[in-house]
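Data block below; observations after.
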Amino acid sequence: MNLFRRRSVADLQAEVLTDKSLKRALGPVNLTALGIGAVIGAGIFVLTGQAAAKYAGPAIVFSFVLAGLACAFAGLCYAEFSAMIPISGSAYTYGYATLGEFVAWIIGWDLILEYLFAASTVAVGWSGYVVSFLQELGIAIPSAFTSGPYNHITPPDAPWWNIWRLFTEGWVSTGAVLNVPAMLIVGFITFLLVLGIKESATFNNVVVAIKMSVILTFIAVGIAYINRNNWHPFIPPSLVPGEFGWGGVVRGAGVIFFAYIGFDAVSTAAQEAKNPQRDMPIGILGSLAICTVLYIAVALVLTGIVSYTRLNDPAPIAVAINSLGPSVAWLRPIIKIGAIAGLSSVILVMMLGQPRIFYTMSKDGLLPPVFSAVHPKFRTPWIAQILTGAIAMLVAGLFPIGLLGELVSIGTLLAFAIVCAGVFVLRFTDPEIPRPFRTPAFWLVAPLGVIFCGYLMCGLPADTWARLIVWMAIGFVIYFSYGCRHSKLQKPATPG
């Protein structure tokens, strides 16, 4: 058994020309909007406030800079790969071409954490804003149906290696039944994505325009209400390791790294781009640059308006607006509508990405053929889409946002690190392959991408690592029991 057999880049490029099952309907504007649609969402509307309250205080700005640097390195590597191998498999396919099948499986399985759990995480944040908005209209949804029935608090004396304790202890009943709004939005987005990629992209373009307008309005209005006392101390002193101080900044960067995952989701749509060699780098790097600037601006305004200690809330921007009093009451519904629309687009892009990973893994034989079934009319991977939606609905309905967000962050960082390593390796193993976009100073950018991502992973909680280990163990069982036996490359090439 050759665990490190590779798919040749030439074969992958030939597949791009022959596989017409998915519809090519996306241009550079659509792709950039997809990136913004995913990146500008949970990070601004949900996780910024929570990470500031729990880890970094106003220094969450530095957390965004750290995470943005790691993303810049990874984004350059993604741009090279996506232009060279415009296949829907994203990091999974890139790993298959450079580091071998087993590493590709690890990435593909890991990406489920990124996209599937990201959709669930954002759906929980979406629910928080919808509930707040409906309250403004005098409509109250019973609290039993607006949050998950379970929360998890890591046992304080449980070491990271005691996985049994980390999984079985610390679960607390919240008294709720299900997070019904979160489940409903996931169901609606699933239906839309089955309907077609063009329809989904049009919906995304509209909501991106809405949320960009709302965010710029919040920044413009909020600047006038900044109280600089809320920024002191800018880096709160650390009393517990990993909370505040520089350690909290690093941990905060690892957690809010989740906010940046949208740009790599663009690469999952490569097989539906009209001119992927030109447009994929534009979509990936353009959306990343725009969003980083907006994140830093919003973080400064948010922590300047209200003390970071009050921001540990599913809807922190709503908390900030509500604190400003009646003079800006007109802004409250606008912000909440923008958040609701914005988070909807994040869910859409995350749920667009996951079935396309399944699609490509299935085409390679590592998953059953049902995952690569394409609807004859809509030309979307509809069975994988419905399965993804059903699981995301269940997860969003049951679990809290903090637990889900940390899982997504560690999965994303691992995928980014492997992509950066792949670009570095392929420059030496296959230097003559045509590259429409080349990562500048790859000998520096790619290793720095690996180092930054590894550094941020180290800042994540120990129990998050334990859950990653268990998730990977489940993936290994599936790979060795099914994937490696059905791989299209199961017969190694004859030497010579």
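Within each chain, counting starts at residue 1; across the structure tokens, chains are named A, B, ... in the order shown, with ligands numbered 1 upward in that order.
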Handout entry: Residues within 7 Å of segment 377-394 of chain A, only C-alpha atoms, excluding chain neighbours under 2 positions, as an MDAnalysis selection string
Key = chainID A and resid 21:23 116:117 119:120 183 186:187 190 194:196 355 358:359 371:375 396:398
Exercise for the section: Show which residues sit within 6 Å of segment 419-427 of chain A, as a VMD selection string. Count only C-alpha atoms, and ignore same-chain residues fewer than 6 positions away. Expected result: chain A and resid 74 77 98 446 449
Problem - Surrounding residues of segment 4-11 of chain A excluding itself and chain neighbours under 3 positions, 10 Å, only C-alpha atoms, as number ranges by chain - result: A: 1, 14-16, 84-85, 93-104, 364, 426, 430, 433-434, 488-493
Go ahead and write the selection's residues with C-alpha atoms as a compact mmCIF listing (two decimals), in the first residue's frame.
# COMPACT_ATOMS: atom_id res chain seq x y z
CA MET A 1 0.00 0.00 0.00
CA ALA A 14 -6.50 17.70 -18.01
CA GLU A 15 -9.47 16.91 -15.79
CA VAL A 16 -10.29 20.61 -15.64
CA MET A 84 -2.57 26.09 -11.37
CA ILE A 85 -5.10 23.37 -10.39
CA THR A 93 -6.53 18.42 -4.19
CA TYR A 94 -3.42 20.53 -3.62
CA GLY A 95 -2.24 18.08 -0.97
CA TYR A 96 -2.97 15.13 -3.27
CA ALA A 97 -0.74 16.65 -5.98
CA THR A 98 2.17 17.46 -3.68
CA LEU A 99 2.28 15.43 -0.46
CA GLY A 100 0.37 12.29 -1.38
CA GLU A 101 -2.96 10.58 -0.85
CA PHE A 102 -2.78 10.05 2.90
CA VAL A 103 -1.97 13.71 3.55
CA ALA A 104 -4.74 14.66 1.11
CA ASP A 364 -11.03 10.18 -6.56
CA LEU A 426 6.04 21.37 -5.45
CA ASP A 430 7.80 19.86 -10.23
CA ILE A 433 4.78 23.15 -14.25
CA PRO A 434 3.13 26.28 -15.72
CA LYS A 488 -8.51 5.47 -8.23
CA LEU A 489 -4.74 5.36 -7.60
CA GLN A 490 -4.77 2.13 -5.62
CA LYS A 491 -2.50 0.46 -8.17
CA PRO A 492 0.92 2.17 -8.03
CA ALA A 493 2.47 3.04 -11.36
Exercise for the section: Determine the nearest neighbour of Ala415 of chain A from the options A:Ala79, A:Ile107, A:Ile60, A:Ile284, counting only C-alpha atoms. Expected result: A:Ile107
Just the residues within 8 Å of segment 323-329 of chain A, please, counting only C-alpha atoms, with nothing from its chain fewer than 3 positions along; format it as a PDB file with N, CA and C atoms, in the first residue's frame.
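After the write, selection04.pdb holds the following:
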ATOM      1  N   TYR A 225     -18.563  58.170  18.919  1.00  0.00           N
ATOM      2  CA  TYR A 225     -18.928  57.752  20.279  1.00  0.00           C
ATOM      3  C   TYR A 225     -17.814  56.992  20.990  1.00  0.00           C
ATOM      4  N   ILE A 305     -16.364  51.944  21.832  1.00  0.00           N
ATOM      5  CA  ILE A 305     -17.724  52.324  22.214  1.00  0.00           C
ATOM      6  C   ILE A 305     -18.100  51.762  23.582  1.00  0.00           C
ATOM      7  N   VAL A 306     -17.766  50.496  23.808  1.00  0.00           N
ATOM      8  CA  VAL A 306     -18.198  49.815  25.028  1.00  0.00           C
ATOM      9  C   VAL A 306     -17.036  49.019  25.593  1.00  0.00           C
ATOM     10  N   VAL A 319     -24.963  44.847  21.221  1.00  0.00           N
ATOM     11  CA  VAL A 319     -24.714  45.336  22.578  1.00  0.00           C
ATOM     12  C   VAL A 319     -24.132  46.752  22.521  1.00  0.00           C
ATOM     13  N   ALA A 320     -23.165  46.963  21.620  1.00  0.00           N
ATOM     14  CA  ALA A 320     -22.532  48.277  21.505  1.00  0.00           C
ATOM     15  C   ALA A 320     -23.537  49.340  21.074  1.00  0.00           C
ATOM     16  N   ARG A 332     -30.023  50.831  15.252  1.00  0.00           N
ATOM     17  CA  ARG A 332     -30.139  49.467  15.785  1.00  0.00           C
ATOM     18  C   ARG A 332     -30.724  48.486  14.768  1.00  0.00           C
TER      19      ARG A 332
END
